[in-house]
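Novice: Can you read through this structure? Questions will come right after.
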Amino acid sequence: MSTSDDLGDLRAVAALSDDVRRAAYQAVATAAPDPVGRDEVAAALGVGRTLAAFHLDKLVDAGLLEASYARRSGRTGPGAGRPAKLYRAAAEERAVSVPPRAYRSAAALLAEAVERSGAEAVLHEVSYEHGRRAGTGGPGGPGGGMGGPGELLAAHGYHPVASGGRIELRNCPFHRLAAEFPPVVCGMNLALVEGLLAGAGVDDWAARMDAAPGRCCVTVQQTKNKSD
Amino acid sequence: MTASHLAQFNVARLRAPLDHPSSAGFMAGMDPMNDLADRSPGFVWRLTEDGKDNATGIRPIAPDVIITLSLWESLEALRAYAYHSEHLDYLRRRREWFLPHGLPAALVLWWVPVGLTPTVDEALERLDLLGTAGPTPRAFTFRQPFPAPTGPAVLA
């Protein structure tokens, strides 16, 4: 179990063991799909620009980030016309399992079996129940933090971005599987988010299927019946 | 300009006749989804029954199996309509209206030379080929696609 691919994944994941570098990766990943510059990451982390640049370039070397150059609008003064180095998260997924495990392959087989047998309704039930348990007592609910559904969804890996009464989810936790089995996996995901909201006691926001390229197929919208 | 269009053929076994109350959700979505397809980027053509705007009356497999057959400029154009639009929610709800049909595949894709329109008989052959031989350049799926032929189009 030491093919070159596995070693690449291992090196990529190992690059995240430094706390500052991991924070730099998070700062870039959560800004997706917009690329971010060194100044923004330095400000987000509260570190100097040189240190931010060092870690960002290490992440590029590890294959976790991709760099590009672009002129940024709205700049004035010396150097304003120079292209800035911008970073975005690489699309490739990295996974390391020790000892070797193949859960992704198992997930694909199970998804195909659900599709072929027409068992989606059961999958939705199971997902809703799992979400409800996972959402109970965690962040975002009445007994948890003050962040509401955004905090709840962030705690489960969705990278929520709120705008008005609507939350888009910039990360799909099931990305590759969702691309292979969209109705099955996106339906599962919708039921899961509905369960999370119910478990956390969030009754004035509702999840709906709202598919678009480049983000999770589910959005969460504020409903009118605000309760207290 | 692409020299090939992507053909899409889908079959689905109805739980109940289309005029049954349990098919109401499917019927309510049919015209909006067909309209959405018609104005989607990369849409080329879809099969309709004479005098109607849908193909639900064309049932070459069994009395309770309906079909769709359409042409698109690219795999990405079809993917954007099928999976990155309101159509995804319609697909998500398909078990409310359709039963597993017992066939190895419900959807088959293949490339056709621009200007040709696939027939239902050809579509049935492609679905059969996918079921027996698995994904090949002549009959494939979204999960295992094949690129459009680059040379002169061959009438396979």
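The chains in the structure tokens are called A, B, ... from first to last as shown; in each chain the residues are counted from 1, and the ligands are counted from 1 in the order shown.
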Skip A:Leu196 itself and residues of its chain fewer than 3 positions away, then list as a JSON list (two decimals) with C-alpha atoms, in the first residue's frame all residues within 7 Å of it, counting only C-alpha atoms.
Specialist:
```json
[["chain", "number", "residue", "atom", "x", "y", "z"],
["A", 131, "GLY", "CA", -29.44, 14.21, 10.89],
["A", 132, "ARG", "CA", -31.91, 14.73, 13.71],
["A", 134, "ALA", "CA", -26.57, 14.61, 14.96],
["A", 135, "GLY", "CA", -28.22, 18.03, 15.24],
["A", 192, "LEU", "CA", -29.95, 14.92, 6.26],
["A", 193, "VAL", "CA", -30.03, 18.74, 6.38],
["A", 199, "GLY", "CA", -32.69, 18.04, 15.70],
["A", 200, "ALA", "CA", -31.31, 21.47, 16.58]]
```
Novice: Give me, as a list of chain:residue names, all polymer residues having an atom no more than 12 Å from A:Gly118, counting only C-alpha atoms and skipping those fewer than 5 positions away in the same chain.
Specialist: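 Residues meeting the cut-off are A:Leu110, A:Ala111, A:Glu112, A:Ala113, A:Leu123, A:His124, A:Pro183, A:Val184, B:Ala12, B:Arg13, B:Arg15, B:Arg92, B:Arg93, B:Arg94, B:Arg95, B:Glu96, B:Trp97, B:Phe98, B:Leu99, B:Pro100, B:His101, B:Gly102, B:Leu103, B:Ala106.
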Novice: Please report, as JSON lines, each residue of chain A lying at most 8 Å from chain B, together with the nearest pair of atoms and the separation in Å rounded to one decimal; use only C-alpha atoms, and order rows by chain and ascending residue number.
Specialist:
```
{"residue": "A:Arg116", "atom": "CA", "partner": "B:Pro100", "partner_atom": "CA", "distance": 6.4}
{"residue": "A:Ser117", "atom": "CA", "partner": "B:Pro100", "partner_atom": "CA", "distance": 5.9}
{"residue": "A:Gly118", "atom": "CA", "partner": "B:Pro100", "partner_atom": "CA", "distance": 5.3}
{"residue": "A:Glu120", "atom": "CA", "partner": "B:Arg95", "partner_atom": "CA", "distance": 7.2}
{"residue": "A:Ala121", "atom": "CA", "partner": "B:Arg95", "partner_atom": "CA", "distance": 7.5}
{"residue": "A:Glu180", "atom": "CA", "partner": "B:Arg143", "partner_atom": "CA", "distance": 5.5}
{"residue": "A:Pro182", "atom": "CA", "partner": "B:Tyr83", "partner_atom": "CA", "distance": 6.5}
{"residue": "A:Pro183", "atom": "CA", "partner": "B:Arg92", "partner_atom": "CA", "distance": 4.6}
{"residue": "A:Val184", "atom": "CA", "partner": "B:Arg92", "partner_atom": "CA", "distance": 6.8}
{"residue": "A:Cys186", "atom": "CA", "partner": "B:Arg92", "partner_atom": "CA", "distance": 7.6}
{"residue": "A:Gly187", "atom": "CA", "partner": "B:Arg92", "partner_atom": "CA", "distance": 5.7}
{"residue": "A:Met209", "atom": "CA", "partner": "B:Asp89", "partner_atom": "CA", "distance": 5.9}
{"residue": "A:Asp210", "atom": "CA", "partner": "B:Glu86", "partner_atom": "CA", "distance": 6.7}
{"residue": "A:Ala211", "atom": "CA", "partner": "B:His84", "partner_atom": "CA", "distance": 4.8}
{"residue": "A:Ala212", "atom": "CA", "partner": "B:His84", "partner_atom": "CA", "distance": 4.6}
{"residue": "A:Pro213", "atom": "CA", "partner": "B:His84", "partner_atom": "CA", "distance": 5.7}
{"residue": "A:Cys217", "atom": "CA", "partner": "B:His84", "partner_atom": "CA", "distance": 7.7}
```
Novice: Give me the residues near stretch 11-19 of chain A as a compact mmCIF listing (two decimals) with C-alpha atoms, in the first residue's frame, where near means some atom within 7 Å (using only C-alpha atoms) and where sequence neighbours in that chain fewer than 6 positions away do not count.
Specialist:
```txt
# COMPACT_ATOMS: atom_id res chain seq x y z
CA LEU A 59 0.03 24.27 0.47
CA ALA A 62 1.52 19.89 -1.43
CA GLY A 63 -1.21 20.05 -4.08
CA LEU A 64 -3.90 21.28 -1.70
```
Novice: Identify all residues of chain B in strand (DSSP E or B) (DSSP on the backbone) and supply them as JSON, numbers by chain.
Specialist: {"B": [4, 5, 6, 7, 8, 9, 10, 11, 12, 13, 14, 43, 44, 45, 46, 65, 66, 67, 68, 69, 70, 71, 72, 98, 99, 107, 108, 109, 110, 111, 112, 113, 136, 139, 140]}
Novice: Quick one: distance from atom CA of A:Ala107 to atom CA of A:Ala31 in Å, one decimal?
Specialist: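 Value for the atom CA of A:Ala107-atom CA of A:Ala31 distance: 28.4 Å.
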Novice: To one decimal place, how far is atom CA of A:Gln222 from atom CA of A:Ala155 in Å?
Specialist: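 Answer for the atom CA of A:Gln222 to atom CA of A:Ala155 separation: 19.1 Å.
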Novice: Using only C-alpha atoms, which of the listed residues (A:Thr223, A:Ala207, A:Ala44, A:Leu177) sits closest to A:Arg104?
Specialist: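 Between A:Thr223, A:Ala207, A:Ala44, A:Leu177, the residue approaching A:Arg104 most closely is A:Leu177.
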Novice: Ranking B:Leu14, B:Ala139, B:Ala148, B:Leu6 by minimum distance to B:Ala77 and counting only C-alpha atoms, which one comes first?
Specialist: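 With only C-alpha atoms as the atom set, the closest residue is B:Leu6.
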Novice: Tell me which protein, DNA and RNA residues are within 7 Å of stretch 47-51 of chain A, counting only C-alpha atoms, leaving out same-chain ones fewer than 5 positions away, and put them as a list in words.
Specialist: Arg38, Asp39 and Ala42 of chain A
Novice: Take the residues from that selection and put them in a file with C-alpha atoms, as a PDB file, in the first residue's frame.
Specialist:
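Saved file part.pdb follows:
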```pdb
ATOM      1  CA  ARG A  38      -2.055  36.736   0.726  1.00  0.00           C
ATOM      2  CA  ASP A  39      -3.223  39.926   2.441  1.00  0.00           C
ATOM      3  CA  ALA A  42      -2.784  37.168   6.686  1.00  0.00           C
TER       4      ALA A  42
END
```
Novice: So which one's closest to B:Thr119, B:Ala37, B:Pro21, B:Ile58, B:Gly131? Using only C-alpha atoms, please.
Specialist: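 Closest to B:Thr119, using only C-alpha atoms: B:Ile58.
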Novice: Could you work out how far atom CA of A:Tyr128 lies from atom CA of A:Ala162, giving the answer in Å with one decimal?
Specialist: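 Between these atoms lies a distance of 22.9 Å.
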Novice: As a ChimeraX atom specification, please: all residues of stretch 32-146 of chain B that backbone DSSP puts in helix (DSSP H, G or I).
Specialist: /B:32-38,75-83,87-92,94-96,120-133
Novice: Write the residues of the preceding selection, restricted to N, CA and C atoms, as a CSV table (one decimal), in the first residue's frame.
Specialist:
```csv
chain,number,residue,atom,x,y,z
B,32,PRO,N,-43.6,22.0,-17.1
B,32,PRO,CA,-42.5,22.9,-16.7
B,32,PRO,C,-41.1,22.3,-17.0
B,33,MET,N,-41.0,21.0,-16.8
B,33,MET,CA,-39.7,20.4,-17.0
B,33,MET,C,-39.4,20.3,-18.5
B,34,ASN,N,-40.4,20.0,-19.3
B,34,ASN,CA,-40.1,20.0,-20.7
B,34,ASN,C,-39.8,21.4,-21.2
B,35,ASP,N,-40.5,22.4,-20.7
B,35,ASP,CA,-40.2,23.8,-21.1
B,35,ASP,C,-38.8,24.2,-20.7
B,36,LEU,N,-38.4,23.8,-19.5
B,36,LEU,CA,-37.1,24.1,-19.0
B,36,LEU,C,-36.0,23.5,-19.9
B,37,ALA,N,-36.3,22.2,-20.3
B,37,ALA,CA,-35.4,21.6,-21.3
B,37,ALA,C,-35.3,22.3,-22.6
B,38,ASP,N,-36.4,22.7,-23.1
B,38,ASP,CA,-36.5,23.4,-24.4
B,38,ASP,C,-35.7,24.7,-24.4
B,75,LEU,N,-22.4,16.6,-23.4
B,75,LEU,CA,-22.7,15.9,-22.1
B,75,LEU,C,-22.9,16.9,-21.0
B,76,GLU,N,-22.1,18.0,-21.0
B,76,GLU,CA,-22.2,19.0,-20.0
B,76,GLU,C,-23.5,19.7,-20.1
B,77,ALA,N,-24.0,20.0,-21.3
B,77,ALA,CA,-25.3,20.6,-21.4
B,77,ALA,C,-26.5,19.8,-20.8
B,78,LEU,N,-26.4,18.5,-21.1
B,78,LEU,CA,-27.4,17.6,-20.6
B,78,LEU,C,-27.3,17.5,-19.0
B,79,ARG,N,-26.0,17.4,-18.6
B,79,ARG,CA,-25.8,17.3,-17.1
B,79,ARG,C,-26.4,18.6,-16.4
B,80,ALA,N,-26.1,19.8,-17.0
B,80,ALA,CA,-26.6,21.0,-16.4
B,80,ALA,C,-28.1,21.0,-16.3
B,81,TYR,N,-28.8,20.6,-17.3
B,81,TYR,CA,-30.2,20.5,-17.2
B,81,TYR,C,-30.7,19.5,-16.2
B,82,ALA,N,-30.1,18.3,-16.3
B,82,ALA,CA,-30.7,17.1,-15.6
B,82,ALA,C,-30.4,17.3,-14.1
B,83,TYR,N,-29.1,17.8,-13.7
B,83,TYR,CA,-28.7,17.7,-12.4
B,83,TYR,C,-28.4,19.0,-11.7
B,87,HIS,N,-34.8,20.6,-12.3
B,87,HIS,CA,-35.1,19.2,-12.7
B,87,HIS,C,-34.6,18.2,-11.7
B,88,LEU,N,-33.5,18.5,-10.9
B,88,LEU,CA,-33.0,17.6,-9.9
B,88,LEU,C,-34.0,17.2,-8.9
B,89,ASP,N,-34.8,18.2,-8.4
B,89,ASP,CA,-35.8,17.9,-7.4
B,89,ASP,C,-36.9,17.0,-8.0
B,90,TYR,N,-37.2,17.2,-9.3
B,90,TYR,CA,-38.2,16.3,-9.9
B,90,TYR,C,-37.6,14.8,-10.0
B,91,LEU,N,-36.3,14.7,-10.3
B,91,LEU,CA,-35.7,13.4,-10.3
B,91,LEU,C,-35.7,12.8,-8.9
B,92,ARG,N,-35.4,13.6,-7.9
B,92,ARG,CA,-35.3,13.2,-6.5
B,92,ARG,C,-36.6,12.5,-6.1
B,94,ARG,N,-38.6,10.8,-7.9
B,94,ARG,CA,-39.1,9.8,-9.0
B,94,ARG,C,-39.8,8.6,-8.4
B,95,ARG,N,-39.4,8.2,-7.2
B,95,ARG,CA,-40.0,6.9,-6.6
B,95,ARG,C,-41.4,7.1,-6.2
B,96,GLU,N,-41.8,8.4,-6.1
B,96,GLU,CA,-43.3,8.6,-5.8
B,96,GLU,C,-44.1,8.1,-7.0
B,120,VAL,N,-36.8,5.5,-32.0
B,120,VAL,CA,-37.1,4.8,-30.8
B,120,VAL,C,-36.4,3.4,-30.9
B,121,ASP,N,-36.5,2.8,-32.0
B,121,ASP,CA,-35.9,1.4,-32.2
B,121,ASP,C,-34.4,1.4,-31.9
B,122,GLU,N,-33.7,2.5,-32.4
B,122,GLU,CA,-32.3,2.6,-32.2
B,122,GLU,C,-32.0,2.8,-30.7
B,123,ALA,N,-32.9,3.6,-30.1
B,123,ALA,CA,-32.7,3.9,-28.6
B,123,ALA,C,-32.8,2.6,-27.8
B,124,LEU,N,-33.8,1.8,-28.2
B,124,LEU,CA,-34.0,0.5,-27.5
B,124,LEU,C,-32.8,-0.4,-27.7
B,125,GLU,N,-32.2,-0.4,-28.9
B,125,GLU,CA,-31.0,-1.2,-29.1
B,125,GLU,C,-29.8,-0.7,-28.2
B,126,ARG,N,-29.7,0.6,-28.1
B,126,ARG,CA,-28.6,1.2,-27.3
B,126,ARG,C,-28.8,0.8,-25.8
B,127,LEU,N,-30.0,0.9,-25.3
B,127,LEU,CA,-30.3,0.5,-23.9
B,127,LEU,C,-30.0,-1.0,-23.7
B,128,ASP,N,-30.3,-1.8,-24.7
B,128,ASP,CA,-30.1,-3.2,-24.6
B,128,ASP,C,-28.5,-3.5,-24.6
B,129,LEU,N,-27.9,-2.7,-25.5
B,129,LEU,CA,-26.4,-2.9,-25.6
B,129,LEU,C,-25.7,-2.5,-24.3
B,130,LEU,N,-26.2,-1.4,-23.6
B,130,LEU,CA,-25.6,-1.0,-22.3
B,130,LEU,C,-25.9,-2.1,-21.3
B,131,GLY,N,-27.0,-2.7,-21.3
B,131,GLY,CA,-27.4,-3.7,-20.4
B,131,GLY,C,-26.5,-5.0,-20.5
B,132,THR,N,-26.2,-5.3,-21.8
B,132,THR,CA,-25.5,-6.6,-22.0
B,132,THR,C,-24.0,-6.4,-22.0
B,133,ALA,N,-23.5,-5.3,-22.5
B,133,ALA,CA,-22.0,-5.1,-22.7
B,133,ALA,C,-21.4,-4.1,-21.7
```
